[in-house]
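Novice: I'm passing along work_3.txt; it holds compact mmCIF, C-alpha atoms.
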```txt
# COMPACT_ATOMS: atom_id res chain seq x y z
CA MET A 1 137.16 116.04 51.34
CA ALA A 2 133.47 115.22 51.32
CA ASP A 3 130.91 117.98 50.64
CA GLU A 4 129.50 120.00 53.52
CA LYS A 5 126.82 118.29 55.55
CA MET A 6 123.42 118.52 53.88
CA PRO A 7 120.32 119.02 56.05
CA PHE A 8 117.78 116.20 56.25
CA THR A 9 115.24 118.09 54.12
CA GLY A 10 117.95 118.60 51.52
CA HIS A 11 118.50 114.83 51.36
CA LEU A 12 114.76 114.31 50.86
CA VAL A 13 114.64 116.86 48.02
CA GLU A 14 117.68 115.26 46.38
CA LEU A 15 116.19 111.76 46.79
CA ARG A 16 112.90 112.94 45.24
CA LYS A 17 114.79 114.42 42.29
CA ARG A 18 116.75 111.22 41.65
CA ILE A 19 113.62 109.05 41.93
CA ILE A 20 111.69 111.25 39.47
CA ILE A 21 114.52 111.13 36.91
CA SER A 22 114.77 107.36 37.31
CA LEU A 23 111.00 106.91 36.89
CA ILE A 24 110.96 109.08 33.77
CA ALA A 25 113.79 107.01 32.28
CA LEU A 26 112.00 103.79 33.27
CA LEU A 27 108.75 105.01 31.67
CA ALA A 28 110.63 105.77 28.45
CA GLY A 29 112.26 102.33 28.49
CA PHE A 30 108.90 100.69 29.20
CA SER A 31 107.24 102.53 26.31
CA LEU A 32 109.97 101.48 23.91
CA SER A 33 109.90 97.87 25.13
CA PHE A 34 106.09 97.66 24.94
CA THR A 35 106.29 98.51 21.23
CA TYR A 36 108.41 95.39 20.71
CA SER A 37 106.93 93.27 23.51
CA GLU A 38 105.87 90.47 21.13
CA ASP A 39 109.42 90.16 19.78
CA ILE A 40 110.83 90.18 23.31
CA PHE A 41 108.34 87.49 24.33
CA ASN A 42 109.37 85.32 21.38
CA VAL A 43 112.98 85.57 22.54
CA LEU A 44 111.90 84.73 26.09
CA THR A 45 110.38 81.45 24.90
CA LEU A 46 113.71 80.22 23.49
CA PRO A 47 114.60 78.27 26.68
CA LEU A 48 111.30 76.42 26.30
CA ARG A 49 111.78 75.62 22.61
CA SER A 50 115.55 75.08 22.52
CA GLU A 51 118.42 73.97 24.70
CA ILE A 52 122.19 74.42 24.70
CA SER A 53 124.28 71.60 23.24
CA PHE A 54 128.03 71.55 23.87
CA SER A 55 130.34 70.51 21.04
CA ALA A 56 134.07 69.81 20.90
CA SER A 57 134.36 71.68 17.59
CA TYR A 58 133.48 75.21 16.49
CA PRO A 59 131.09 76.91 17.35
CA PHE A 60 131.22 74.81 20.57
CA LEU A 61 127.73 75.87 21.69
CA LEU A 62 124.68 75.00 19.60
CA LEU A 63 120.97 75.61 20.03
CA VAL A 64 119.10 72.36 19.40
CA PRO A 65 115.34 71.67 19.58
CA SER A 66 114.13 70.96 23.09
CA LYS A 67 113.02 67.49 24.19
CA ILE A 68 109.97 68.98 25.91
CA LYS A 69 106.67 67.63 24.62
CA ASN A 70 104.18 70.24 23.47
CA PRO A 71 106.28 73.35 24.30
CA SER A 72 103.44 75.74 23.37
CA LEU A 73 101.95 78.12 25.94
CA VAL A 74 98.31 78.81 26.79
CA PHE A 75 96.57 81.59 28.67
CA LEU A 76 93.88 80.74 31.18
CA ALA A 77 92.31 84.14 31.76
CA PRO A 78 91.20 86.89 29.33
CA ALA A 79 93.73 89.42 30.61
CA GLU A 80 96.63 87.01 31.19
CA ALA A 81 98.28 87.58 27.80
CA PHE A 82 97.97 91.36 28.16
CA TRP A 83 99.54 91.31 31.65
CA MET A 84 102.31 89.14 30.26
CA HIS A 85 103.19 91.85 27.74
CA LEU A 86 103.19 94.47 30.50
CA LYS A 87 105.53 92.40 32.70
CA VAL A 88 107.93 91.65 29.85
CA SER A 89 107.99 95.32 28.82
CA PHE A 90 108.59 96.51 32.37
CA VAL A 91 111.55 94.18 32.97
CA ALA A 92 113.03 94.94 29.54
CA GLY A 93 112.63 98.68 30.21
CA LEU A 94 114.29 98.25 33.60
CA ILE A 95 117.29 96.52 32.03
CA ILE A 96 117.56 99.18 29.29
CA THR A 97 117.49 102.09 31.76
CA LEU A 98 119.66 100.40 34.42
CA PRO A 99 122.71 102.63 33.69
CA VAL A 100 120.57 105.73 34.20
CA ILE A 101 119.15 104.40 37.49
CA LEU A 102 122.62 103.44 38.75
CA TYR A 103 123.95 106.89 37.82
CA GLN A 104 121.13 108.54 39.78
CA LEU A 105 121.95 106.31 42.75
CA TRP A 106 125.58 107.39 42.55
CA LYS A 107 124.60 111.09 42.32
CA PHE A 108 122.49 110.68 45.46
CA ILE A 109 125.31 109.18 47.54
CA SER A 110 128.15 111.23 45.99
CA PRO A 111 127.83 114.25 48.35
CA GLY A 112 129.05 111.99 51.17
CA LEU A 113 132.10 110.81 49.25
CA LEU A 114 135.61 112.18 49.12
CA VAL A 115 136.68 114.05 45.97
CA LYS A 116 139.03 111.23 44.92
CA GLU A 117 136.22 108.69 45.41
CA LYS A 118 133.79 110.56 43.14
CA LYS A 119 135.92 109.73 40.10
CA TYR A 120 134.72 106.11 40.35
CA VAL A 121 131.27 107.02 38.98
CA ALA A 122 131.99 105.72 35.45
CA PRO A 123 133.59 102.42 36.61
CA PHE A 124 130.71 101.90 39.06
CA VAL A 125 127.94 102.47 36.51
CA VAL A 126 129.64 100.50 33.72
CA SER A 127 130.74 97.53 35.86
CA ALA A 128 127.41 97.26 37.72
CA SER A 129 125.47 97.41 34.44
CA LEU A 130 127.70 94.83 32.74
CA LEU A 131 127.56 92.48 35.73
CA PHE A 132 123.77 92.64 35.80
CA LEU A 133 123.63 91.94 32.05
CA ALA A 134 126.13 89.10 32.49
CA GLY A 135 123.95 87.54 35.19
CA ALA A 136 120.80 87.89 33.09
CA ALA A 137 122.56 86.43 30.01
CA PHE A 138 124.04 83.55 32.01
CA CYS A 139 120.59 82.72 33.37
CA PHE A 140 118.91 82.97 29.96
CA LEU A 141 121.52 81.02 27.98
CA PHE A 142 122.48 78.31 30.45
CA VAL A 143 120.30 78.10 33.56
CA LEU A 144 116.82 78.47 32.06
CA PRO A 145 117.24 75.98 29.17
CA PHE A 146 118.80 73.46 31.56
CA ALA A 147 116.12 74.02 34.20
CA MET A 148 113.28 73.78 31.67
CA SER A 149 114.66 70.63 30.09
CA PHE A 150 115.17 68.97 33.47
CA LEU A 151 111.94 70.02 35.17
CA LEU A 152 109.64 69.27 32.23
CA THR A 153 111.19 65.96 31.12
CA TYR A 154 112.18 64.31 34.42
CA LYS A 155 109.80 61.39 35.02
CA THR A 156 107.09 62.91 32.81
CA ALA A 157 106.79 60.11 30.23
CA ASN A 158 103.07 59.71 30.93
CA MET A 159 102.35 63.42 31.32
CA THR A 160 102.04 66.30 28.89
CA PRO A 161 102.98 69.79 30.14
CA MET A 162 100.41 72.53 29.63
CA LEU A 163 102.09 75.74 30.70
CA SER A 164 100.28 78.99 31.39
CA VAL A 165 101.95 81.95 29.69
CA GLY A 166 101.64 83.99 32.88
CA HIS A 167 103.31 81.36 35.06
CA TYR A 168 106.05 80.76 32.47
CA VAL A 169 106.88 84.47 32.13
CA ASP A 170 106.87 84.94 35.92
CA PHE A 171 109.21 81.97 36.30
CA CYS A 172 111.66 83.27 33.68
CA LEU A 173 111.62 86.92 34.75
CA LYS A 174 112.14 86.08 38.43
CA PHE A 175 115.09 83.89 37.51
CA ILE A 176 116.61 86.52 35.21
CA LEU A 177 116.22 89.37 37.72
CA SER A 178 117.53 87.20 40.56
CA PHE A 179 120.66 86.20 38.64
CA GLY A 180 121.20 89.80 37.52
CA ALA A 181 121.03 90.96 41.15
CA VAL A 182 123.27 88.13 42.39
CA PHE A 183 125.97 89.01 39.85
CA GLU A 184 126.28 92.41 41.56
CA LEU A 185 127.88 90.65 44.55
CA PRO A 186 131.48 91.55 43.58
CA ILE A 187 130.49 95.24 43.42
CA VAL A 188 128.90 95.02 46.88
CA ILE A 189 132.00 93.35 48.31
CA VAL A 190 134.33 95.95 46.75
CA VAL A 191 132.23 98.85 48.10
CA MET A 192 132.11 97.33 51.59
CA THR A 193 135.87 96.76 51.46
CA ARG A 194 136.49 100.31 50.28
CA LEU A 195 134.37 101.68 53.12
CA GLY A 196 136.32 99.60 55.62
CA ILE A 197 133.30 97.56 56.71
CA VAL A 198 135.01 94.27 55.85
CA THR A 199 138.45 93.13 54.74
CA PRO A 200 139.44 90.44 52.21
CA LYS A 201 141.02 88.50 55.07
CA THR A 202 137.76 88.51 57.04
CA LEU A 203 135.77 87.46 53.98
CA ALA A 204 138.12 84.56 53.28
CA LYS A 205 138.06 83.49 56.92
CA ASN A 206 134.24 83.33 56.93
CA ARG A 207 133.96 81.46 53.63
CA LYS A 208 132.03 78.56 55.18
CA TYR A 209 129.30 80.93 56.40
CA ALA A 210 129.13 82.48 52.92
CA VAL A 211 128.50 79.03 51.41
CA LEU A 212 125.65 78.46 53.86
CA LEU A 213 124.17 81.90 53.13
CA ALA A 214 124.48 81.23 49.39
CA PHE A 215 122.15 78.25 49.68
CA VAL A 216 119.78 80.24 51.92
CA ALA A 217 119.74 83.04 49.33
CA GLY A 218 119.15 80.46 46.60
CA ALA A 219 116.14 79.16 48.50
CA ILE A 220 114.75 82.69 48.90
CA LEU A 221 115.46 84.06 45.41
CA THR A 222 114.45 81.10 43.26
CA PRO A 223 110.76 81.02 42.32
CA THR A 224 110.43 77.28 43.00
CA PRO A 225 111.06 75.40 46.29
CA ASP A 226 113.02 72.47 44.81
CA ALA A 227 116.69 71.94 45.71
CA PHE A 228 117.71 71.67 42.05
CA ASN A 229 116.93 75.30 41.20
CA GLN A 230 118.30 76.48 44.53
CA THR A 231 121.63 74.85 43.70
CA LEU A 232 121.64 76.54 40.28
CA MET A 233 121.48 79.84 42.13
CA ALA A 234 123.82 79.00 45.02
CA VAL A 235 126.81 77.84 42.96
CA PRO A 236 127.21 81.15 41.04
CA ILE A 237 126.87 83.05 44.34
CA ILE A 238 129.78 81.09 45.82
CA ILE A 239 131.91 81.69 42.71
CA LEU A 240 131.08 85.41 42.70
CA TYR A 241 131.93 85.61 46.39
CA GLU A 242 135.40 84.28 45.62
CA VAL A 243 135.73 86.74 42.71
CA GLY A 244 134.72 89.57 45.03
CA ILE A 245 137.42 88.59 47.53
CA LEU A 246 140.09 88.60 44.81
CA VAL A 247 139.02 91.96 43.34
CA SER A 248 138.59 93.62 46.75
CA ARG A 249 142.29 93.06 47.52
CA PHE A 250 143.06 95.85 45.01
CA PHE A 251 140.61 98.30 46.62
CA VAL A 252 141.21 97.76 50.33
CA LYS A 253 142.12 100.94 52.16
CA LYS A 254 145.67 100.98 53.39
CA LYS A 255 146.08 101.90 57.03
CA PRO A 256 148.11 105.06 57.60
CA PRO A 257 151.54 104.41 59.12
CA GLU A 258 151.48 104.57 62.89
CA LYS A 259 153.18 107.65 64.27
CA ASP A 260 155.84 107.27 66.91
CA ASN A 261 154.56 107.68 70.42
CA PRO A 262 156.31 110.77 71.94
CA GLY A 263 155.78 109.47 75.48
CA LYS A 264 157.45 106.20 74.54
CA ALA A 265 160.41 108.03 73.05
CA VAL A 266 160.86 110.12 76.21
CA SER A 267 160.63 107.07 78.47
CA GLU A 268 163.22 105.28 76.38
CA GLY A 269 165.57 108.23 76.62
CA GLN A 270 165.43 108.35 80.41
```
When written as structure tokens, how does the structure in this file appear?
Specialist:
Amino acid sequence: MADEKMPFTGHLVELRKRIIISLIALLAGFSLSFTYSEDIFNVLTLPLRSEISFSASYPFLLLVPSKIKNPSLVFLAPAEAFWMHLKVSFVAGLIITLPVILYQLWKFISPGLLVKEKKYVAPFVVSASLLFLAGAAFCFLFVLPFAMSFLLTYKTANMTPMLSVGHYVDFCLKFILSFGAVFELPIVIVVMTRLGIVTPKTLAKNRKYAVLLAFVAGAILTPTPDAFNQTLMAVPIIILYEVGILVSRFFVKKKPPEKDNPGKAVSEGQ
């Protein structure tokens, strides 16, 4: 049985507590990341300097030098490099402290859950964190190198790219955060199924609308307006939607067996 109903002011106090704990954790993660922001930035430039090459033999995936001409970055304003370090540190700190933030989110909503549902705290925090990391890694290892190679080499034989460090970092971080958020889709579907908002059958039936919404979401979440990057976002959304349908079949609430209608039994006996 769920906990007793908490007054509105109690919810506000609890929300304030969870936000403060999350902010303290985020500040600690930011401070740690800022110490190593230059190393993190060097890693972030890998998609610009290298690209993935597929091989039929071990190790199957290789990092090879990029075909991009002049892959170096410049900064166009005195504070641009400093702001770049702040942005990189903030996102890295957010990723580091994500399990803490998700746990605080769970603690905030747990008073409204049944006792047997509260035991899912560990699976929720672990799976949501791993899915976000999987989305960020997929974007960094596959999407960004492919996108950089395509966008900066397609019909640019007579042009030399001169990329601003601020614009490059914004482009990469928006992509990474967007893919991390999109990879949470199976968790969202499972939660909605568990709450009885949707059913796997309904989700499968409305698959064509999900495909349309995937491309709309790709247009909204990608930092560039071109159809190429929108497709890179939409295809994983569609795949994750299908994965969410499959997984939600194991978590759907079973309807209680219908009790016999006493009136019907009496009428049948007459």
Novice: Select, from A:Ile176, A:Val100, A:Leu203, A:Ala227, the residue with the minimum atom-to-atom distance to Val190 (chain A), counting all atoms listed in the file.
Specialist: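 Going through A:Ile176, A:Val100, A:Leu203, A:Ala227 one by one, the smallest distance to Val190 (chain A) is for A:Leu203.
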Novice: Fewer than 6 positions away in the same chain doesn't count, so skip those; otherwise give me all residues within 12 Å of Pro78 (chain A), counting all atoms listed in the file, as an MDAnalysis selection string.
Specialist: chainID A and resid 84 165:166
Novice: If I take CA of Val126 (chain A) and CA of Leu12 (chain A), how far is one from the other in Å, to one decimal?
Specialist: 26.6 Å
Novice: Could you work out how far CA of Thr45 (chain A) lies from CA of Asn158 (chain A), giving the answer in Å with one decimal?
Specialist: 23.7 Å
Novice: What is the distance, in Å and to one decimal place, between CA of Thr153 (chain A) and CA of Ala136 (chain A)?
Specialist: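 A separation of 24.0 Å between them.
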Novice: Set the distance at 12 Å and use only C-alpha atoms: which residues neighbour Leu246 (chain A) once local chain neighbours fewer than 3 positions away are removed? I'd like the list as a list in words.
Specialist: Pro186, Ile187, Ile189, Val190, Thr193, Thr199, Pro200, Lys201, Leu203, Ala204, Ile239, Leu240, Tyr241, Glu242, Val243, Arg249, Phe250, Phe251 and Val252 of chain A
Novice: Could you check the closest approach to Ala214 (chain A) for each of A:Ala147, A:Val182, A:Ile245, A:Leu62 and tell me which residue wins, using only C-alpha atoms?
Specialist: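 Smallest distance to Ala214 (chain A) is found for A:Val182.
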Novice: Name the residues in contact with Glu38 (chain A) at a cut-off of 12 Å, using only C-alpha atoms, excluding same-chain residues fewer than 6 positions from it; report them as a PyMOL selection string.
Specialist: chain A and resi 44-45+81-82+84-89+92
Novice: Around (117.4, 82.4, 41.4) in the file's frame, which residues reach within 12 Å when counting only C-alpha atoms? Return as a PDB file with C-alpha atoms, in the frame of the given file?
Specialist:
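So the final result, stored in out-v2.pdb, reads:
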```pdb
ATOM      1  CA  GLY A 135     123.950  87.540  35.190  1.00  0.00           C
ATOM      2  CA  ALA A 136     120.800  87.890  33.090  1.00  0.00           C
ATOM      3  CA  PHE A 138     124.040  83.550  32.010  1.00  0.00           C
ATOM      4  CA  CYS A 139     120.590  82.720  33.370  1.00  0.00           C
ATOM      5  CA  PHE A 140     118.910  82.970  29.960  1.00  0.00           C
ATOM      6  CA  VAL A 143     120.300  78.100  33.560  1.00  0.00           C
ATOM      7  CA  LEU A 144     116.820  78.470  32.060  1.00  0.00           C
ATOM      8  CA  ALA A 147     116.120  74.020  34.200  1.00  0.00           C
ATOM      9  CA  PHE A 171     109.210  81.970  36.300  1.00  0.00           C
ATOM     10  CA  CYS A 172     111.660  83.270  33.680  1.00  0.00           C
ATOM     11  CA  LEU A 173     111.620  86.920  34.750  1.00  0.00           C
ATOM     12  CA  LYS A 174     112.140  86.080  38.430  1.00  0.00           C
ATOM     13  CA  PHE A 175     115.090  83.890  37.510  1.00  0.00           C
ATOM     14  CA  ILE A 176     116.610  86.520  35.210  1.00  0.00           C
ATOM     15  CA  LEU A 177     116.220  89.370  37.720  1.00  0.00           C
ATOM     16  CA  SER A 178     117.530  87.200  40.560  1.00  0.00           C
ATOM     17  CA  PHE A 179     120.660  86.200  38.640  1.00  0.00           C
ATOM     18  CA  GLY A 180     121.200  89.800  37.520  1.00  0.00           C
ATOM     19  CA  ALA A 181     121.030  90.960  41.150  1.00  0.00           C
ATOM     20  CA  VAL A 182     123.270  88.130  42.390  1.00  0.00           C
ATOM     21  CA  PHE A 183     125.970  89.010  39.850  1.00  0.00           C
ATOM     22  CA  ALA A 214     124.480  81.230  49.390  1.00  0.00           C
ATOM     23  CA  PHE A 215     122.150  78.250  49.680  1.00  0.00           C
ATOM     24  CA  VAL A 216     119.780  80.240  51.920  1.00  0.00           C
ATOM     25  CA  ALA A 217     119.740  83.040  49.330  1.00  0.00           C
ATOM     26  CA  GLY A 218     119.150  80.460  46.600  1.00  0.00           C
ATOM     27  CA  ALA A 219     116.140  79.160  48.500  1.00  0.00           C
ATOM     28  CA  ILE A 220     114.750  82.690  48.900  1.00  0.00           C
ATOM     29  CA  LEU A 221     115.460  84.060  45.410  1.00  0.00           C
ATOM     30  CA  THR A 222     114.450  81.100  43.260  1.00  0.00           C
ATOM     31  CA  PRO A 223     110.760  81.020  42.320  1.00  0.00           C
ATOM     32  CA  THR A 224     110.430  77.280  43.000  1.00  0.00           C
ATOM     33  CA  PRO A 225     111.060  75.400  46.290  1.00  0.00           C
ATOM     34  CA  ASP A 226     113.020  72.470  44.810  1.00  0.00           C
ATOM     35  CA  ALA A 227     116.690  71.940  45.710  1.00  0.00           C
ATOM     36  CA  PHE A 228     117.710  71.670  42.050  1.00  0.00           C
ATOM     37  CA  ASN A 229     116.930  75.300  41.200  1.00  0.00           C
ATOM     38  CA  GLN A 230     118.300  76.480  44.530  1.00  0.00           C
ATOM     39  CA  THR A 231     121.630  74.850  43.700  1.00  0.00           C
ATOM     40  CA  LEU A 232     121.640  76.540  40.280  1.00  0.00           C
ATOM     41  CA  MET A 233     121.480  79.840  42.130  1.00  0.00           C
ATOM     42  CA  ALA A 234     123.820  79.000  45.020  1.00  0.00           C
ATOM     43  CA  VAL A 235     126.810  77.840  42.960  1.00  0.00           C
ATOM     44  CA  PRO A 236     127.210  81.150  41.040  1.00  0.00           C
ATOM     45  CA  ILE A 237     126.870  83.050  44.340  1.00  0.00           C
TER      46      ILE A 237
END
```
Novice: Let me make sure I understand: among A:Ile101, A:Leu27, A:Val43, A:Leu48, which one has the smallest atom-to-atom distance to Phe150 (chain A) if we use only C-alpha atoms?
Specialist: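 Going through A:Ile101, A:Leu27, A:Val43, A:Leu48 one by one, the smallest distance to Phe150 (chain A) is for A:Leu48.
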